[in-house]
Amino acid sequence: MRIGLLGFGVVGRGVYDILASREDMKIVKVCCLEDVTLPDAEVTKDFQRILQDDTIDTVIEAMGGLHPAYEFVRACMEAGKNIVTSNKALVASYYDELLPLAAEKGLSFRCTAAVGGGIGWLSEVERSRRVQTITQVGGIMNGTCNYILDNMTRKGLDYNVVLKEAQALGYAEANPSTDVDGIDTWHKVILSSNIAFGVSLNRDQVPVAGISKIAASDVENFKAHGLVCKLISTGKCENGKYSVYVQPTLVKADTLEANVPMNYNLITLYGETSGRMSFYGQGAGRYPTAYNVVQDLVDLTEGKGFYSVYGPAVDVDNSEELTWYVRGSWQGDVAENWGGAVVTKAVSVSEMHAWIKQNPDAFVAAIRA
């Protein structure tokens, strides 16, 4: 296998290091903006050097972001090159273009590292689909948010204090909005649901709420009621209806989710035969993520394509009713008062997320207890 590598940052460098000891796979060209010198690969800033090299059969996209990652990946596919990517935003955003194109061209397209970093979650979903129907996927999919919430819970610190700490440690970006506003998790649950259920969700109908408005007083409220807050994604398929959303969620302090520490992930599927199966591990990091990129390369040598057949477009129905913790100007029915916040009576996911959009300074969490 002769490989072109797009990007030489955290993940790209990790993949290069792992492949250095293999004889069956070789990175022959690297495209990146940095001035890098490698002993065994050409480094270029010109993407065309990879695209026009007919000896390169596989391209690894480790650039991140949507552009020019999308344009580069699509061009490589049009040129007949297999793709391995760790870019969840790319795959979730262009699912309806890239998957049919891979089938049309007879290419392999893998993205295991896009969800769960080193966990290998999508490969496990693929294996599970072979023998059972999956009815639910989701969980803790973002290590940055989990780090912040875990430290607020254990140390009683304010959100902004922990965020700065996470940025200093490299867990959070200088602009953390993709993580803390839930967008990273949103991409991951859409991709996971598409693969688990064999469909293509209408992304515009999948609501998301993040953690940036949480306060230390909220965390103390939760502790007083034996609860812990986590950012949790949910994707369900019940009786042909798809319910998918991302939101802060309160879970009992003795549950698996409540006890996931630091920047770890805990991602779960429910199958009709297996019941609950949960996968725990590092959700990011150079070598955990690069490990699954290389696993995808091995899968390519065995002729594996995508994880499931590209499925039909489907709408999302978030009429499921939950109770909610709300700190803000809630005017609906109230079941309890918790200090300066309230617990609502049953409200649908779609209705609550519509309210959140109109009240962006409020903090809202679903209650799973």
# chains A, B, ... in the order shown; residues from 1 in each chain; ligands from 1

call {"tool": "closest_atom_pairs", "arguments": {"of": "stretch 42-143 of chain A", "to": "stretch 223-243 of chain A", "cutoff": "8 Å", "atoms": "only C-alpha atoms", "output": "JSON lines"}}
result
{"residue": "A:Ile134", "atom": "CA", "partner": "A:Cys237", "partner_atom": "CA", "distance": 7.8}
{"residue": "A:Thr135", "atom": "CA", "partner": "A:Cys237", "partner_atom": "CA", "distance": 5.0}
{"residue": "A:Gln136", "atom": "CA", "partner": "A:Lys236", "partner_atom": "CA", "distance": 4.4}
{"residue": "A:Val137", "atom": "CA", "partner": "A:Gly235", "partner_atom": "CA", "distance": 5.1}
{"residue": "A:Gly138", "atom": "CA", "partner": "A:Thr234", "partner_atom": "CA", "distance": 4.7}
{"residue": "A:Gly139", "atom": "CA", "partner": "A:Ile232", "partner_atom": "CA", "distance": 4.9}
{"residue": "A:Ile140", "atom": "CA", "partner": "A:Ile232", "partner_atom": "CA", "distance": 5.1}
{"residue": "A:Met141", "atom": "CA", "partner": "A:Ile232", "partner_atom": "CA", "distance": 7.3}
{"residue": "A:Asn142", "atom": "CA", "partner": "A:Leu231", "partner_atom": "CA", "distance": 7.8}

call {"tool": "select_by_dssp", "arguments": {"residues": "stretch 20-133 of chain A", "states": "alpha helix (DSSP H)", "output": "MDAnalysis selection string"}}
result
chainID A and resid 48:51 69:78 88:93 95:105 121:129

call {"tool": "closest_residue", "arguments": {"among": "A:Phe72, A:Phe47, A:Trp330, A:Trp121", "to": "A:Thr289", "atoms": "only C-alpha atoms"}}
result
A:Trp121

call {"tool": "closest_atom_pairs", "arguments": {"of": "stretch 106-172 of chain A", "to": "stretch 181-197 of chain A", "cutoff": "12 Å", "atoms": "only C-alpha atoms", "output": "tab-separated table"}}
result
residue	atom	partner	partner_atom	distance
A:Arg110	CA	A:Ile195	CA	11.8
A:Cys111	CA	A:Leu191	CA	9.9
A:Thr112	CA	A:Ser192	CA	10.3
A:Ala113	CA	A:Lys188	CA	10.6
A:Ala114	CA	A:Lys188	CA	7.4
A:Val115	CA	A:Lys188	CA	5.7
A:Gly116	CA	A:Lys188	CA	8.4
A:Gly117	CA	A:Lys188	CA	10.9
A:Gly120	CA	A:Ser192	CA	11.8
A:Trp121	CA	A:Ser192	CA	8.7
A:Leu122	CA	A:Ser192	CA	7.0
A:Ser123	CA	A:Ile195	CA	10.1
A:Glu124	CA	A:Ala196	CA	9.9
A:Val125	CA	A:Ala196	CA	6.1
A:Glu126	CA	A:Ala196	CA	7.5
A:Arg127	CA	A:Ala196	CA	10.2
A:Ser128	CA	A:Ala196	CA	8.6
A:Arg129	CA	A:Ala196	CA	6.9
A:Arg130	CA	A:Ala196	CA	10.5
A:Gln132	CA	A:Ala196	CA	10.4
A:Thr133	CA	A:Phe197	CA	7.9
A:Ile134	CA	A:Ala196	CA	6.1
A:Thr135	CA	A:Phe197	CA	7.7
A:Gln136	CA	A:Ser193	CA	8.1
A:Val137	CA	A:Ser193	CA	6.7
A:Gly138	CA	A:Val189	CA	6.3
A:Gly139	CA	A:Val189	CA	8.7
A:Ile140	CA	A:Thr185	CA	8.2
A:Met141	CA	A:Thr185	CA	5.8
A:Asn142	CA	A:Thr185	CA	6.0
A:Gly143	CA	A:Thr185	CA	9.8
A:Thr144	CA	A:Asp184	CA	10.0
A:Cys145	CA	A:Gly182	CA	8.4
A:Asn146	CA	A:Thr185	CA	11.3

call {"tool": "closest_residue", "arguments": {"among": "A:Val11, A:Cys32, A:Gly332, A:Leu66", "to": "A:Ala89", "atoms": "only C-alpha atoms"}}
result
A:Leu66

call {"tool": "select_by_dssp", "arguments": {"residues": "stretch 42-164 of chain A", "states": "strand (DSSP E or B)", "output": "list in words"}}
result
Glu42, Val43, Thr44, Thr58, Val59, Ile60, Glu61, Asn82, Ile83, Val84, Thr85, Phe109, Arg110, Ile134, Thr135, Gln136, Val137, Gly138, Gly139 and Ile140 of chain A

call {"tool": "write_last_selection", "arguments": {"atoms": "C-alpha atoms", "output": "short mmCIF file (atom, residue, chain, number, x, y, z; two decimals), in the first residue's frame"}}
result
data_model
loop_
_atom_site.label_atom_id
_atom_site.label_comp_id
_atom_site.auth_asym_id
_atom_site.auth_seq_id
_atom_site.Cartn_x
_atom_site.Cartn_y
_atom_site.Cartn_z
CA GLU A 42 8.41 13.61 0.09
CA VAL A 43 6.90 16.61 1.91
CA THR A 44 5.04 19.16 -0.19
CA THR A 58 -4.72 5.31 -0.55
CA VAL A 59 -5.00 8.78 0.97
CA ILE A 60 -5.23 9.54 4.69
CA GLU A 61 -6.99 12.82 5.48
CA ASN A 82 -9.16 4.85 -1.23
CA ILE A 83 -9.79 7.15 1.73
CA VAL A 84 -9.13 6.87 5.45
CA THR A 85 -10.08 9.91 7.54
CA PHE A 109 -13.82 4.59 2.66
CA ARG A 110 -13.13 4.21 6.40
CA ILE A 134 -29.22 -1.90 16.93
CA THR A 135 -31.91 0.15 18.65
CA GLN A 136 -29.87 2.89 20.35
CA VAL A 137 -26.42 4.49 20.27
CA GLY A 138 -24.80 7.37 22.10
CA GLY A 139 -23.14 8.44 25.31
CA ILE A 140 -20.15 10.56 26.27
#

call {"tool": "residues_around", "arguments": {"residues": "A:Ile50", "least_positions_apart": "6", "cutoff": "9 Å", "atoms": "only C-alpha atoms", "output": "list in words"}}
result
Ile3, Gly4, Leu5, Leu6, Lys29, Val30, Cys31, Thr44, Ile56, Val59 and Cys76 of chain A

call {"tool": "residues_around", "arguments": {"residues": "stretch 155-170 of chain A", "least_positions_apart": "3", "cutoff": "8 Å", "atoms": "only C-alpha atoms", "output": "list in words"}}
result
Thr144, Tyr147, Ile148, Asn151, Met152, Glu173, Ala174, Ser212, Ile214, Ala215, Ala216, Val219 and Glu220 of chain A

call {"tool": "decode", "arguments": {"residues": "stretch 16-49 of chain A", "atoms": "N, CA and C atoms", "output": "short mmCIF file (atom, residue, chain, number, x, y, z; two decimals), in the first residue's frame"}}
result
data_model
loop_
_atom_site.label_atom_id
_atom_site.label_comp_id
_atom_site.auth_asym_id
_atom_site.auth_seq_id
_atom_site.Cartn_x
_atom_site.Cartn_y
_atom_site.Cartn_z
N TYR A 16 2.25 8.46 10.94
CA TYR A 16 3.59 8.30 10.35
C TYR A 16 4.50 7.49 11.27
N ASP A 17 4.46 7.80 12.56
CA ASP A 17 5.31 7.08 13.51
C ASP A 17 4.96 5.60 13.58
N ILE A 18 3.67 5.29 13.61
CA ILE A 18 3.24 3.89 13.71
C ILE A 18 3.62 3.11 12.46
N LEU A 19 3.47 3.73 11.29
CA LEU A 19 3.74 3.03 10.04
C LEU A 19 5.23 2.87 9.76
N ALA A 20 6.06 3.58 10.50
CA ALA A 20 7.50 3.52 10.24
C ALA A 20 8.05 2.11 10.38
N SER A 21 7.41 1.29 11.21
CA SER A 21 7.92 -0.06 11.45
C SER A 21 7.25 -1.12 10.57
N ARG A 22 6.35 -0.70 9.69
CA ARG A 22 5.64 -1.67 8.84
C ARG A 22 6.26 -1.70 7.44
N GLU A 23 6.26 -2.88 6.85
CA GLU A 23 6.80 -3.03 5.50
C GLU A 23 5.71 -3.09 4.44
N ASP A 24 4.47 -3.35 4.86
CA ASP A 24 3.38 -3.53 3.90
C ASP A 24 2.66 -2.22 3.58
N MET A 25 2.97 -1.16 4.32
CA MET A 25 2.34 0.13 4.11
C MET A 25 3.41 1.22 4.18
N LYS A 26 3.37 2.14 3.24
CA LYS A 26 4.40 3.18 3.23
C LYS A 26 3.79 4.52 2.85
N ILE A 27 4.04 5.52 3.69
CA ILE A 27 3.67 6.90 3.36
C ILE A 27 4.76 7.44 2.44
N VAL A 28 4.38 7.73 1.20
CA VAL A 28 5.37 8.18 0.23
C VAL A 28 5.36 9.69 0.04
N LYS A 29 4.20 10.33 0.31
CA LYS A 29 4.13 11.78 0.18
C LYS A 29 3.25 12.34 1.29
N VAL A 30 3.67 13.49 1.82
CA VAL A 30 2.93 14.19 2.86
C VAL A 30 2.66 15.60 2.37
N CYS A 31 1.38 16.02 2.46
CA CYS A 31 1.02 17.38 2.10
C CYS A 31 0.66 18.13 3.37
N CYS A 32 1.42 19.18 3.67
CA CYS A 32 1.15 19.99 4.86
C CYS A 32 1.72 21.38 4.65
N LEU A 33 1.30 22.31 5.49
CA LEU A 33 1.74 23.70 5.36
C LEU A 33 3.04 23.96 6.11
N GLU A 34 3.39 23.06 7.04
CA GLU A 34 4.59 23.25 7.84
C GLU A 34 5.84 22.86 7.04
N ASP A 35 6.97 23.41 7.45
CA ASP A 35 8.24 23.02 6.86
C ASP A 35 8.77 21.81 7.61
N VAL A 36 8.53 20.64 7.06
CA VAL A 36 8.91 19.38 7.69
C VAL A 36 9.83 18.63 6.74
N THR A 37 10.85 17.99 7.30
CA THR A 37 11.74 17.14 6.52
C THR A 37 11.64 15.72 7.04
N LEU A 38 11.37 14.77 6.16
CA LEU A 38 11.25 13.36 6.54
C LEU A 38 12.25 12.54 5.73
N PRO A 39 12.85 11.52 6.35
CA PRO A 39 13.89 10.75 5.66
C PRO A 39 13.37 9.83 4.56
N ASP A 40 12.09 9.47 4.61
CA ASP A 40 11.59 8.44 3.71
C ASP A 40 10.32 8.83 2.98
N ALA A 41 9.96 10.12 3.00
CA ALA A 41 8.75 10.56 2.31
C ALA A 41 8.97 11.98 1.79
N GLU A 42 8.38 12.26 0.64
CA GLU A 42 8.41 13.61 0.09
C GLU A 42 7.40 14.48 0.84
N VAL A 43 7.80 15.66 1.25
CA VAL A 43 6.90 16.61 1.91
C VAL A 43 6.66 17.78 0.97
N THR A 44 5.39 18.11 0.77
CA THR A 44 5.04 19.16 -0.19
C THR A 44 3.89 20.00 0.34
N LYS A 45 3.80 21.21 -0.11
CA LYS A 45 2.65 22.06 0.17
C LYS A 45 1.64 22.03 -0.98
N ASP A 46 1.96 21.28 -2.01
CA ASP A 46 1.14 21.22 -3.22
C ASP A 46 0.34 19.92 -3.22
N PHE A 47 -0.95 20.03 -2.99
CA PHE A 47 -1.83 18.86 -2.97
C PHE A 47 -1.78 18.07 -4.28
N GLN A 48 -1.55 18.75 -5.39
CA GLN A 48 -1.53 18.08 -6.69
C GLN A 48 -0.45 17.00 -6.77
N ARG A 49 0.60 17.14 -5.98
CA ARG A 49 1.66 16.14 -5.97
C ARG A 49 1.14 14.78 -5.51
#
